[in-house]
$ cat entry33.cif   # mmCIF, C-alpha atoms
data_coords
#
loop_
_atom_site.label_atom_id
_atom_site.label_comp_id
_atom_site.auth_asym_id
_atom_site.auth_seq_id
_atom_site.Cartn_x
_atom_site.Cartn_y
_atom_site.Cartn_z
CA MET A 1 13.80 -17.50 4.96
CA LEU A 2 12.33 -19.46 2.06
CA GLN A 3 14.38 -19.90 -1.08
CA SER A 4 11.52 -19.91 -3.56
CA ILE A 5 8.03 -18.49 -3.85
CA ARG A 6 6.62 -21.74 -5.24
CA PRO A 7 5.54 -23.47 -1.99
CA LEU A 8 3.68 -20.30 -0.98
CA LEU A 9 1.43 -20.19 -4.03
CA GLY A 10 -0.55 -23.31 -3.10
CA ARG A 11 -1.04 -22.01 0.42
CA ILE A 12 -2.33 -18.66 -0.90
CA LYS A 13 -5.10 -20.50 -2.75
CA LYS A 14 -6.10 -21.98 0.60
CA HIS A 15 -6.32 -18.45 2.03
CA ASP A 16 -3.25 -18.57 4.25
CA LYS A 17 -2.47 -14.95 5.18
CA THR A 18 1.10 -15.70 6.24
CA ALA A 19 1.82 -17.25 2.85
CA LEU A 20 0.37 -14.26 0.99
CA ALA A 21 2.35 -11.85 3.17
CA GLN A 22 5.63 -13.68 2.55
CA ALA A 23 4.94 -14.04 -1.17
CA ILE A 24 4.44 -10.27 -1.41
CA THR A 25 7.86 -9.75 0.18
CA PHE A 26 9.25 -12.05 -2.50
CA ALA A 27 7.48 -10.17 -5.27
CA GLU A 28 8.88 -6.89 -3.95
CA SER A 29 12.47 -7.83 -3.32
CA ASP A 30 13.30 -10.82 -5.53
CA PHE A 31 12.34 -10.29 -9.13
CA SER A 32 13.33 -13.85 -10.02
CA SER A 33 10.01 -14.83 -8.39
CA HIS A 34 8.25 -12.99 -11.20
CA LYS A 35 8.58 -15.97 -13.51
CA GLU A 36 6.06 -17.85 -11.39
CA ILE A 37 3.97 -14.81 -10.55
CA PHE A 38 3.33 -13.62 -14.08
CA SER A 39 2.23 -17.03 -15.26
CA LEU A 40 -0.76 -16.73 -12.91
CA SER A 41 -4.07 -16.00 -14.58
CA ILE A 42 -6.09 -12.77 -14.65
CA PRO A 43 -9.64 -13.78 -13.68
CA SER A 44 -12.51 -11.69 -15.03
CA SER A 45 -14.72 -12.15 -11.97
CA ILE A 46 -12.67 -9.94 -9.66
CA ARG A 47 -13.35 -6.22 -9.44
CA ARG A 48 -10.00 -4.39 -9.50
CA ILE A 49 -10.59 -0.88 -8.25
CA GLY A 50 -7.94 1.84 -8.26
CA ILE A 51 -8.40 4.61 -5.70
CA THR A 52 -6.44 7.71 -6.57
CA GLY A 53 -6.44 11.41 -5.78
CA PRO A 54 -4.38 14.15 -4.13
CA PRO A 55 -2.98 13.71 -0.59
CA GLY A 56 -5.48 14.20 2.19
CA VAL A 57 -8.75 13.90 0.27
CA GLY A 58 -9.73 10.74 2.18
CA LYS A 59 -8.59 7.82 0.04
CA SER A 60 -7.65 5.56 2.97
CA THR A 61 -10.74 6.52 4.95
CA LEU A 62 -12.94 5.88 1.93
CA ILE A 63 -11.35 2.45 1.56
CA SER A 64 -12.05 1.66 5.20
CA HIS A 65 -15.72 2.65 4.95
CA TYR A 66 -16.23 1.08 1.55
CA THR A 67 -14.67 -2.17 2.77
CA LYS A 68 -17.10 -2.25 5.69
CA TYR A 69 -19.89 -1.82 3.16
CA LEU A 70 -18.52 -4.66 1.02
CA LEU A 71 -18.15 -6.95 4.05
CA LYS A 72 -21.84 -6.49 4.78
CA LYS A 73 -22.47 -7.76 1.25
CA LYS A 74 -20.41 -10.85 2.17
CA ARG A 75 -17.56 -9.91 -0.15
CA SER A 76 -13.87 -10.45 0.56
CA VAL A 77 -11.49 -7.54 0.04
CA GLY A 78 -7.77 -7.31 -0.70
CA ILE A 79 -6.28 -3.87 -0.10
CA LEU A 80 -2.98 -2.61 -1.43
CA SER A 81 -1.92 0.80 -0.13
CA ILE A 82 1.07 2.59 -1.55
CA ASP A 83 2.85 5.44 0.20
CA PRO A 84 5.89 7.37 -1.03
CA SER A 85 9.45 6.37 -0.21
CA SER A 86 12.05 8.89 0.85
CA ALA A 87 14.33 10.07 -1.94
CA ILE A 88 16.95 10.72 0.73
CA SER A 89 17.01 7.61 2.91
CA GLY A 90 15.00 5.13 0.83
CA GLY A 91 12.84 4.55 3.90
CA ALA A 92 9.12 5.19 4.11
CA LEU A 93 6.38 5.90 6.60
CA LEU A 94 3.42 3.75 5.65
CA GLY A 95 0.49 5.19 7.54
CA ASP A 96 -2.62 4.14 5.66
CA ARG A 97 -3.51 1.45 8.21
CA VAL A 98 -4.19 4.18 10.77
CA ARG A 99 -7.41 4.93 8.86
CA MET A 100 -8.28 1.26 8.45
CA GLN A 101 -8.34 0.12 12.08
CA GLU A 102 -11.96 -0.98 11.97
CA ILE A 103 -11.41 -3.48 9.16
CA SER A 104 -7.93 -4.65 10.13
CA GLY A 105 -7.85 -8.23 11.40
CA ASN A 106 -11.08 -9.27 9.67
CA LYS A 107 -10.77 -12.75 8.16
CA LYS A 108 -12.12 -11.61 4.81
CA VAL A 109 -9.82 -8.60 4.57
CA PHE A 110 -6.10 -8.45 3.80
CA ILE A 111 -4.23 -5.16 3.92
CA ARG A 112 -0.68 -4.62 2.73
CA SER A 113 1.22 -1.32 2.70
CA LEU A 114 3.86 -0.87 0.03
CA SER A 115 6.53 1.76 -0.36
CA SER A 116 6.76 3.32 -3.82
CA LYS A 117 10.51 2.49 -3.74
CA GLY A 118 11.38 5.62 -5.67
CA ALA A 119 9.05 4.92 -8.60
CA LEU A 120 7.03 7.76 -10.04
CA GLY A 121 3.53 7.39 -11.42
CA GLY A 122 1.74 6.67 -8.14
CA LEU A 123 2.47 2.95 -7.75
CA SER A 124 5.45 0.80 -6.74
CA PRO A 125 7.59 -1.33 -9.09
CA ALA A 126 6.09 -4.53 -7.66
CA THR A 127 2.44 -3.46 -7.69
CA SER A 128 1.46 -5.53 -10.70
CA ALA A 129 3.17 -8.64 -9.26
CA VAL A 130 1.41 -8.18 -5.92
CA LEU A 131 -1.88 -7.71 -7.76
CA ARG A 132 -1.39 -11.13 -9.38
CA LEU A 133 -0.94 -12.68 -5.92
CA TYR A 134 -4.18 -11.07 -4.72
CA GLU A 135 -5.89 -12.48 -7.80
CA LEU A 136 -4.54 -15.92 -6.94
CA TRP A 137 -6.13 -15.64 -3.49
CA GLY A 138 -9.37 -14.79 -5.27
CA PHE A 139 -10.68 -11.77 -3.39
CA ASP A 140 -14.06 -10.56 -4.65
CA ASP A 141 -12.75 -7.01 -4.70
CA ILE A 142 -9.21 -5.65 -4.86
CA LEU A 143 -8.68 -2.03 -3.86
CA ILE A 144 -5.41 -0.40 -4.89
CA GLU A 145 -4.67 2.93 -3.26
CA THR A 146 -2.07 5.08 -5.04
CA VAL A 147 0.23 7.50 -3.28
CA GLY A 148 -1.33 10.92 -2.92
CA SER A 149 -1.11 11.67 -6.58
CA GLY A 150 -0.82 14.53 -8.98
CA GLN A 151 -2.31 15.17 -12.37
CA SER A 152 -0.07 12.86 -14.34
CA ASP A 153 -0.05 9.76 -12.13
CA ILE A 154 -2.05 7.59 -14.46
CA GLU A 155 -0.30 4.25 -14.02
CA ILE A 156 -3.13 2.96 -11.85
CA SER A 157 -5.59 3.14 -14.73
CA MET A 158 -3.50 0.59 -16.64
CA LEU A 159 -3.71 -2.05 -13.90
CA ALA A 160 -7.12 -1.59 -12.34
CA GLU A 161 -10.08 -1.81 -14.65
CA THR A 162 -12.01 0.80 -12.67
CA THR A 163 -10.23 3.94 -11.53
CA VAL A 164 -11.95 6.05 -8.90
CA LEU A 165 -10.69 9.61 -8.47
CA VAL A 166 -11.35 10.95 -4.99
CA MET A 167 -11.75 14.70 -4.76
CA ILE A 168 -12.95 17.27 -2.27
CA PRO A 169 -14.66 20.59 -3.02
CA GLN A 170 -12.58 23.60 -4.05
CA LEU A 171 -9.56 21.77 -5.41
CA GLY A 172 -9.53 23.81 -8.57
CA ASP A 173 -11.67 25.50 -11.16
CA GLU A 174 -12.92 24.35 -14.55
CA ILE A 175 -9.50 24.86 -16.14
CA GLN A 176 -8.03 22.20 -13.85
CA ALA A 177 -10.78 19.81 -14.89
CA LEU A 178 -10.09 20.52 -18.57
CA LYS A 179 -6.44 19.57 -18.38
CA ALA A 180 -5.21 16.28 -19.76
CA GLY A 181 -3.90 13.58 -17.43
CA ILE A 182 -5.71 11.62 -14.78
CA MET A 183 -9.04 13.39 -15.45
CA GLU A 184 -9.41 11.64 -18.79
CA MET A 185 -8.48 8.22 -17.37
CA VAL A 186 -10.95 7.99 -14.50
CA HIS A 187 -14.16 6.01 -14.59
CA VAL A 188 -15.82 7.29 -11.44
CA ILE A 189 -15.34 10.54 -9.55
CA ALA A 190 -16.02 10.32 -5.82
CA LEU A 191 -16.55 13.75 -4.33
CA ASN A 192 -15.81 13.47 -0.63
CA ARG A 193 -17.19 16.03 1.85
CA ALA A 194 -19.96 16.73 -0.62
CA GLU A 195 -22.15 18.10 2.17
CA GLN A 196 -20.06 21.27 2.07
CA MET A 197 -21.64 24.32 0.47
CA GLN A 198 -18.93 24.62 -2.20
CA ALA A 199 -19.56 21.09 -3.52
CA LYS A 200 -22.20 22.35 -5.97
CA GLU A 201 -19.67 24.64 -7.60
CA THR A 202 -17.15 21.82 -7.94
CA ILE A 203 -19.73 19.55 -9.56
CA SER A 204 -20.87 22.18 -12.01
CA SER A 205 -17.32 22.95 -13.11
CA LEU A 206 -16.64 19.24 -13.58
CA LEU A 207 -19.80 18.86 -15.64
CA ALA A 208 -18.91 21.93 -17.69
CA SER A 209 -15.52 20.45 -18.53
CA PHE A 210 -17.10 17.14 -19.56
CA SER A 211 -19.55 18.89 -21.84
CA ALA A 212 -16.64 20.64 -23.55
CA ALA A 213 -15.14 17.30 -24.54
CA SER A 214 -15.43 16.16 -28.12
CA ASP A 215 -15.86 12.56 -26.97
CA LYS A 216 -19.12 12.80 -25.10
CA LYS A 217 -18.92 9.15 -24.17
CA HIS A 218 -16.30 9.81 -21.53
CA GLN A 219 -18.36 11.37 -18.79
CA PRO A 220 -17.52 9.62 -15.54
CA PRO A 221 -20.37 9.64 -13.04
CA ILE A 222 -19.83 11.92 -10.05
CA VAL A 223 -20.77 10.25 -6.78
CA GLU A 224 -21.32 12.49 -3.78
CA LEU A 225 -19.98 11.13 -0.49
CA LYS A 226 -21.53 12.95 2.43
CA ASN A 227 -21.22 13.19 6.20
CA LEU A 228 -18.14 11.03 6.71
CA PHE A 229 -19.27 8.39 4.24
CA ALA A 230 -22.69 7.94 5.86
CA GLU A 231 -24.15 8.69 2.43
CA GLY A 232 -23.02 7.73 -1.04
CA LEU A 233 -21.30 4.35 -0.71
CA GLU A 234 -24.18 2.48 -2.31
CA LYS A 235 -24.07 4.79 -5.33
CA LEU A 236 -20.31 4.43 -5.53
CA ASP A 237 -20.62 0.65 -5.50
CA ALA A 238 -23.28 0.76 -8.21
CA ALA A 239 -21.16 3.03 -10.42
CA ILE A 240 -18.20 0.68 -10.08
CA THR A 241 -20.35 -2.32 -10.97
CA VAL A 242 -21.73 -0.59 -14.05
CA HIS A 243 -18.23 0.15 -15.25
CA LYS A 244 -17.01 -3.36 -14.45
CA LYS A 245 -19.81 -4.78 -16.63
CA SER A 246 -18.73 -2.64 -19.56
CA VAL A 247 -15.12 -3.83 -19.15
CA ASN A 248 -16.19 -7.47 -18.94
CA SER A 249 -18.05 -7.19 -22.23
CA GLN A 250 -14.61 -6.83 -23.82
CA PHE A 251 -12.46 -8.48 -21.18
CA SER A 252 -9.87 -9.91 -23.55
CA ALA A 253 -9.05 -6.38 -24.68
CA PHE A 254 -8.57 -5.26 -21.07
CA LYS A 255 -6.41 -8.29 -20.39
CA SER A 256 -4.07 -7.80 -23.32
CA HIS A 257 -3.82 -4.10 -22.49
CA ARG A 258 -2.87 -4.94 -18.93
CA ILE A 259 -0.32 -7.59 -19.90
CA HIS A 260 1.23 -5.03 -22.21
CA GLN A 261 1.42 -2.53 -19.39
CA GLU A 262 2.89 -5.04 -16.95
CA ALA A 263 5.63 -5.89 -19.44
CA LEU A 264 6.32 -2.23 -20.06
CA ASN A 265 6.58 -1.57 -16.31
CA LEU A 266 9.06 -4.39 -15.82
CA ALA A 267 11.20 -3.40 -18.80
CA PHE A 268 11.13 0.21 -17.67
CA HIS A 269 12.22 -0.82 -14.20
CA ASP A 270 15.13 -2.92 -15.51
CA CYS A 271 16.35 -0.11 -17.76
CA THR A 272 16.14 2.37 -14.90
CA MET A 273 18.18 0.08 -12.67
CA ILE A 274 20.86 -0.37 -15.31
CA LEU A 275 20.99 3.34 -16.07
CA GLN A 276 21.28 4.27 -12.41
CA ASN A 277 24.03 1.74 -11.78
CA ASN A 278 25.91 2.83 -14.88
CA ALA A 279 25.46 6.50 -14.13
CA LEU A 280 27.52 6.01 -10.99
CA LYS A 281 30.31 4.42 -13.02
CA THR A 282 30.22 6.79 -16.00
CA SER A 283 32.95 9.36 -15.73
CA LYS A 284 31.86 12.83 -14.91
CA GLY A 285 31.82 15.44 -17.64
CA THR A 286 30.33 18.75 -18.53
CA SER A 287 28.49 17.96 -21.73
CA VAL A 288 24.93 16.84 -21.07
CA LEU A 289 24.45 15.32 -24.51
CA ALA A 290 27.79 13.49 -24.50
CA LEU A 291 26.99 11.96 -21.11
CA LYS A 292 23.56 10.98 -22.34
CA GLU A 293 25.10 9.20 -25.34
CA ASN A 294 27.51 7.35 -23.04
CA LEU A 295 24.68 6.22 -20.80
CA LEU A 296 22.61 4.99 -23.74
CA LYS A 297 25.61 3.08 -25.10
CA SER A 298 26.18 1.46 -21.71
CA LEU A 299 22.48 0.56 -21.54
CA LYS A 300 22.72 -1.15 -24.93
CA ARG A 301 25.80 -3.09 -23.81
CA SER A 302 24.14 -4.19 -20.54
CA LEU A 303 21.04 -5.39 -22.36
CA MET B 304 16.31 4.76 -5.75
CA VAL B 305 14.10 2.64 -8.01
CA GLY B 306 15.10 -0.78 -6.92
CA THR B 307 14.53 -4.09 -5.36
CA LYS B 308 16.56 -3.39 -2.29
CA ARG B 309 15.03 -5.15 0.66
CA ASN B 310 14.43 -2.51 3.32
CA ILE B 311 13.98 -3.49 6.95
CA ARG B 312 10.25 -3.34 7.72
CA VAL B 313 9.13 -2.29 11.19
CA LEU B 314 5.66 -2.18 12.70
CA VAL B 315 5.40 0.60 15.27
CA ALA B 316 2.44 -0.31 17.44
CA LYS B 317 0.74 1.15 20.46
CA PRO B 318 -1.13 -1.44 22.52
CA GLY B 319 -3.66 -0.42 25.13
CA LEU B 320 -5.32 2.83 25.98
CA ASP B 321 -2.56 5.44 25.65
CA GLY B 322 -3.90 8.65 24.20
CA HIS B 323 -0.52 10.09 23.30
CA ASP B 324 1.71 8.89 20.50
CA ARG B 325 4.33 11.59 20.08
CA GLY B 326 7.09 9.19 21.13
CA ALA B 327 5.95 6.51 18.68
CA LYS B 328 5.80 9.07 15.87
CA VAL B 329 9.27 10.43 16.63
CA LEU B 330 10.65 6.90 16.58
CA ALA B 331 8.79 6.10 13.35
CA ARG B 332 10.31 9.15 11.73
CA ALA B 333 13.82 8.21 12.91
CA LEU B 334 13.48 4.68 11.53
CA ARG B 335 12.20 6.08 8.22
CA ASP B 336 15.19 8.39 8.03
CA ALA B 337 17.43 5.38 8.67
CA GLY B 338 16.08 3.79 5.48
CA MET B 339 13.46 1.48 6.99
CA GLU B 340 9.87 0.99 5.90
CA VAL B 341 7.78 1.84 8.92
CA ILE B 342 4.17 0.81 9.27
CA TYR B 343 2.37 2.87 11.87
CA THR B 344 -1.10 1.73 12.92
CA GLY B 345 -2.21 4.45 15.33
CA ILE B 346 -3.20 4.44 18.99
CA ARG B 347 -5.38 2.01 20.99
CA GLN B 348 -4.43 -1.24 19.29
CA THR B 349 -5.50 -4.62 20.62
CA PRO B 350 -2.98 -7.48 20.77
CA GLU B 351 -5.01 -9.16 17.99
CA SER B 352 -4.81 -6.17 15.65
CA ILE B 353 -1.07 -5.78 16.27
CA VAL B 354 -0.38 -9.41 15.46
CA SER B 355 -2.56 -9.44 12.37
CA ALA B 356 -0.87 -6.26 11.07
CA ALA B 357 2.58 -7.78 11.70
CA VAL B 358 1.65 -10.91 9.77
CA GLU B 359 0.02 -9.13 6.81
CA GLU B 360 2.83 -6.60 6.51
CA ASP B 361 5.50 -9.34 6.89
CA VAL B 362 7.58 -7.04 9.09
CA ASP B 363 10.98 -7.92 10.50
CA CYS B 364 10.52 -6.07 13.77
CA ILE B 365 7.64 -5.08 16.03
CA ALA B 366 8.31 -1.97 18.10
CA LEU B 367 5.80 -1.64 20.95
CA SER B 368 5.31 1.73 22.56
CA ILE B 369 3.42 1.92 25.83
CA LEU B 370 2.93 4.62 28.44
CA SER B 371 0.00 3.32 30.47
CA GLY B 372 1.80 0.82 32.67
CA ALA B 373 -0.10 -2.14 31.26
CA HIS B 374 2.94 -3.70 29.60
CA LEU B 375 2.98 -6.74 31.90
CA SER B 376 -0.56 -7.67 30.95
CA LEU B 377 -0.55 -6.68 27.25
CA PHE B 378 2.90 -7.86 26.10
CA PRO B 379 2.44 -11.50 27.22
CA GLU B 380 -0.86 -11.56 25.32
CA ILE B 381 0.86 -10.30 22.16
CA LEU B 382 3.64 -12.87 22.52
CA LYS B 383 1.10 -15.65 23.05
CA LEU B 384 -0.71 -14.70 19.83
CA LEU B 385 2.57 -14.44 17.93
CA LYS B 386 3.51 -17.95 19.00
CA GLN B 387 0.21 -19.27 17.62
CA GLN B 388 1.14 -17.92 14.18
CA LYS B 389 3.10 -20.35 12.11
CA THR B 390 5.17 -17.52 10.86
CA LYS B 391 8.76 -16.44 11.15
CA LYS B 392 10.22 -15.00 14.33
CA PHE B 393 9.86 -11.27 14.73
CA LEU B 394 12.36 -9.10 16.53
CA LEU B 395 10.48 -7.48 19.41
CA VAL B 396 11.48 -4.22 21.02
CA ALA B 397 9.63 -1.98 23.46
CA GLY B 398 9.76 1.59 24.62
CA GLY B 399 7.86 4.11 26.69
CA ILE B 400 7.31 4.25 30.44
CA ILE B 401 8.57 0.89 31.62
CA PRO B 402 10.05 0.66 35.15
CA GLU B 403 13.56 -0.76 35.21
CA GLY B 404 12.45 -3.49 37.58
CA ASP B 405 10.21 -4.94 34.87
CA VAL B 406 12.86 -5.05 32.15
CA SER B 407 14.32 -8.45 33.02
CA GLN B 408 10.84 -9.99 33.11
CA LEU B 409 10.10 -8.55 29.64
CA LYS B 410 13.38 -9.86 28.29
CA LYS B 411 12.53 -13.32 29.60
CA LEU B 412 9.26 -13.08 27.70
CA GLY B 413 11.16 -12.47 24.47
CA ILE B 414 11.37 -8.68 24.16
CA ALA B 415 14.92 -8.25 22.87
CA GLY B 416 15.41 -4.60 23.73
CA VAL B 417 13.68 -2.16 26.09
CA PHE B 418 14.26 1.55 25.57
CA GLY B 419 13.12 4.03 28.20
CA PRO B 420 12.82 7.82 28.14
CA GLY B 421 16.00 9.62 27.16
CA THR B 422 17.33 6.84 24.92
CA PRO B 423 19.05 8.46 21.92
CA LEU B 424 17.12 7.61 18.74
CA GLN B 425 20.31 6.29 17.17
CA THR B 426 20.55 3.64 19.91
CA ALA B 427 17.17 2.22 18.93
CA VAL B 428 17.99 2.46 15.21
CA ASP B 429 21.32 0.68 15.66
CA PHE B 430 19.78 -2.02 17.83
CA ILE B 431 17.14 -2.86 15.21
CA LYS B 432 19.67 -2.75 12.38
CA SER B 433 22.07 -5.10 14.12
CA HIS B 434 19.42 -7.56 15.32
CA VAL B 435 17.30 -7.93 12.19
CA ARG B 436 18.45 -10.47 9.68
CA VAL B 437 17.22 -9.50 6.20
#

$ encode --input "entry33.cif" --output "structure tokens"
Amino acid sequence: MLQSIRPLLGRIKKHDKTALAQAITFAESDFSSHKEIFSLSIPSSIRRIGITGPPGVGKSTLISHYTKYLLKKKRSVGILSIDPSSAISGGALLGDRVRMQEISGNKKVFIRSLSSKGALGGLSPATSAVLRLYELWGFDDILIETVGSGQSDIEISMLAETTVLVMIPQLGDEIQALKAGIMEMVHVIALNRAEQMQAKETISSLLASFSAASDKKHQPPIVELKNLFAEGLEKLDAAITVHKKSVNSQFSAFKSHRIHQEALNLAFHDCTMILQNNALKTSKGTSVLALKENLLKSLKRSL
Amino acid sequence: MVGTKRNIRVLVAKPGLDGHDRGAKVLARALRDAGMEVIYTGIRQTPESIVSAAVEEDVDCIALSILSGAHLSLFPEILKLLKQQKTKKFLLVAGGIIPEGDVSQLKKLGIAGVFGPGTPLQTAVDFIKSHVRV
């Protein structure tokens, strides 16, 4: 086992998969490696694409098919797939590769599965560090797949410049689309299984909710993916490129926003760790507010 | 559970042409419940795809499940490819329908543990836990 991440970084630039794999393990389990990782740059040329949506809508399968499409365009692809960890054992079953068999092993593709390690929000505590390592490699496209997510899992939209929400027909009516949360953070909506009869209804309720918004600028394009991804990938790619161009026109703003978010994530993680450790030590009591005060005091002391 | 704890990572892989993976799934679930991060890649994996998944996922252990009887042709191929990687040593274990007469040959190849039908799940869990150095 290596003692430091440093020797790996040079090898990652030379596209050594073993080095990238071991560096990711460092990023996940040894936060002292973050000093080196977060001094790496955030290049504007890379497309960072977040793929989010409820469980079972086809996020992993979309990634597999979209990656095949990108490979045909001679692009290299880094994939980061996050699956939930068990709140009981801390273990995880990471099964996204099952859907990605056709692209696994390709020289221009790297796939890593991460456990959410108890974090909420759809990502894992080390996601932003791993993203930096992918950027160091210099993939043309980086696809980040969130855990099957709910309405409020918006963390992905802080890290990836383009967030794609994958949906299938009949997930909910117009009221669902009107609610705050992920719906207002997405840049592209990919409607999978759009060949189904009910897809028209879904699209019209989405459009109706957009037209009710006061900010008419935020109307993410809806891309229809049909017949097991045989149709629609080209339109999806075009929509992502259009959005990427708009981000790049003000890239420094995106960058400072992301750095801010990365810092917040790390600070949040540290505080959570301290609180959880201290909670075990804090004597039991019956008053919620008194216990809360004790925990906050212990947090202040630990900091 | 938010943390930096290093969990044991295991790749559960099915080489060859088996169509059934109930056993692999049951094992994957048991390892998950023992606190490990289990990467499952599905049925009909080639030696190449197994090795590339093990490298990319930086696993500690590769658990091979095979029912077809092709273990003596597929496992050596996997081990050959693993040796070509300039990566760390993986703990290798195997399970499924493997005749007892073949076990010593597999162990010579470098498969540390072979678990046949009827092995209690806890035996496999304990073996991996005690042989992986994290």

$ atom_distance --input "entry33.cif" --atom1 "atom CA of A:Gly91" --atom2 "atom CA of B:Val362"
13.7 Å

$ resolve_selection --input "entry33.cif" --expression "the PyMOL selection byres ((chain A) within 10 of (chain B))" --output "ChimeraX atom specification"
/A:1,17-31,85-107,110-120,124-126,269-270,272-273,276

$ resolve_selection --input "entry33.cif" --expression "the PyMOL selection byres ((chain B and resi 380) around 12)" --output "list of chain:residue names"
B:Pro318, B:Gly319, B:Thr349, B:Pro350, B:Glu351, B:Ser352, B:Ile353, B:Val354, B:Ala373, B:His374, B:Leu375, B:Ser376, B:Leu377, B:Phe378, B:Pro379, B:Ile381, B:Leu382, B:Lys383, B:Leu384, B:Leu385, B:Lys386, B:Gln387, B:Leu412

$ atom_distance --input "entry33.cif" --atom1 "atom CA of A:Leu191" --atom2 "atom CA of A:Ser149"
15.7 Å

$ residues_around --input "entry33.cif" --residues "A:Val223" --least-positions-apart "4" --cutoff "8 Å" --atoms "all atoms listed in the file" --output "number ranges by chain"
A: 188-191, 232, 235-236

$ residues_around --input "entry33.cif" --residues "stretch 245-259 of chain A" --least-positions-apart "3" --cutoff "10 Å" --atoms "all atoms listed in the file" --output "short mmCIF file (atom, residue, chain, number, x, y, z; two decimals) with C-alpha atoms, in the frame of the given file"
data_model
loop_
_atom_site.label_atom_id
_atom_site.label_comp_id
_atom_site.auth_asym_id
_atom_site.auth_seq_id
_atom_site.Cartn_x
_atom_site.Cartn_y
_atom_site.Cartn_z
CA PHE A 38 3.33 -13.62 -14.08
CA SER A 41 -4.07 -16.00 -14.58
CA ILE A 42 -6.09 -12.77 -14.65
CA PRO A 43 -9.64 -13.78 -13.68
CA SER A 44 -12.51 -11.69 -15.03
CA SER A 45 -14.72 -12.15 -11.97
CA ARG A 47 -13.35 -6.22 -9.44
CA SER A 128 1.46 -5.53 -10.70
CA SER A 157 -5.59 3.14 -14.73
CA MET A 158 -3.50 0.59 -16.64
CA LEU A 159 -3.71 -2.05 -13.90
CA ALA A 160 -7.12 -1.59 -12.34
CA GLU A 161 -10.08 -1.81 -14.65
CA THR A 162 -12.01 0.80 -12.67
CA ILE A 240 -18.20 0.68 -10.08
CA THR A 241 -20.35 -2.32 -10.97
CA VAL A 242 -21.73 -0.59 -14.05
CA GLU A 262 2.89 -5.04 -16.95
CA ALA A 263 5.63 -5.89 -19.44
CA LEU A 264 6.32 -2.23 -20.06
CA ASN A 265 6.58 -1.57 -16.31
#

$ build_atoms --input "entry33.cif" --residues "stretch 35-46 of chain A" --atoms "N, CA and C atoms" --output "short mmCIF file (atom, residue, chain, number, x, y, z; two decimals), in the frame of the given file"
data_model
loop_
_atom_site.label_atom_id
_atom_site.label_comp_id
_atom_site.auth_asym_id
_atom_site.auth_seq_id
_atom_site.Cartn_x
_atom_site.Cartn_y
_atom_site.Cartn_z
N LYS A 35 8.85 -14.95 -12.51
CA LYS A 35 8.58 -15.97 -13.51
C LYS A 35 7.33 -16.76 -13.13
N GLU A 36 7.25 -17.14 -11.86
CA GLU A 36 6.06 -17.85 -11.39
C GLU A 36 4.85 -16.92 -11.30
N ILE A 37 5.10 -15.72 -10.81
CA ILE A 37 3.97 -14.81 -10.55
C ILE A 37 3.25 -14.43 -11.84
N PHE A 38 4.00 -14.11 -12.88
CA PHE A 38 3.33 -13.62 -14.08
C PHE A 38 2.80 -14.73 -14.97
N SER A 39 2.95 -15.99 -14.52
CA SER A 39 2.23 -17.03 -15.26
C SER A 39 0.88 -17.32 -14.61
N LEU A 40 0.57 -16.58 -13.53
CA LEU A 40 -0.76 -16.73 -12.91
C LEU A 40 -1.80 -16.04 -13.78
N SER A 41 -3.04 -16.51 -13.67
CA SER A 41 -4.07 -16.00 -14.58
C SER A 41 -4.69 -14.69 -14.07
N ILE A 42 -5.38 -14.01 -14.98
CA ILE A 42 -6.09 -12.77 -14.65
C ILE A 42 -7.58 -13.06 -14.74
N PRO A 43 -8.22 -13.40 -13.62
CA PRO A 43 -9.64 -13.78 -13.68
C PRO A 43 -10.54 -12.57 -13.94
N SER A 44 -11.61 -12.80 -14.68
CA SER A 44 -12.51 -11.69 -15.03
C SER A 44 -13.50 -11.38 -13.91
N SER A 45 -13.66 -12.33 -12.97
CA SER A 45 -14.72 -12.15 -11.97
C SER A 45 -14.37 -11.10 -10.92
N ILE A 46 -13.09 -10.86 -10.74
CA ILE A 46 -12.67 -9.94 -9.66
C ILE A 46 -12.84 -8.48 -10.09
#
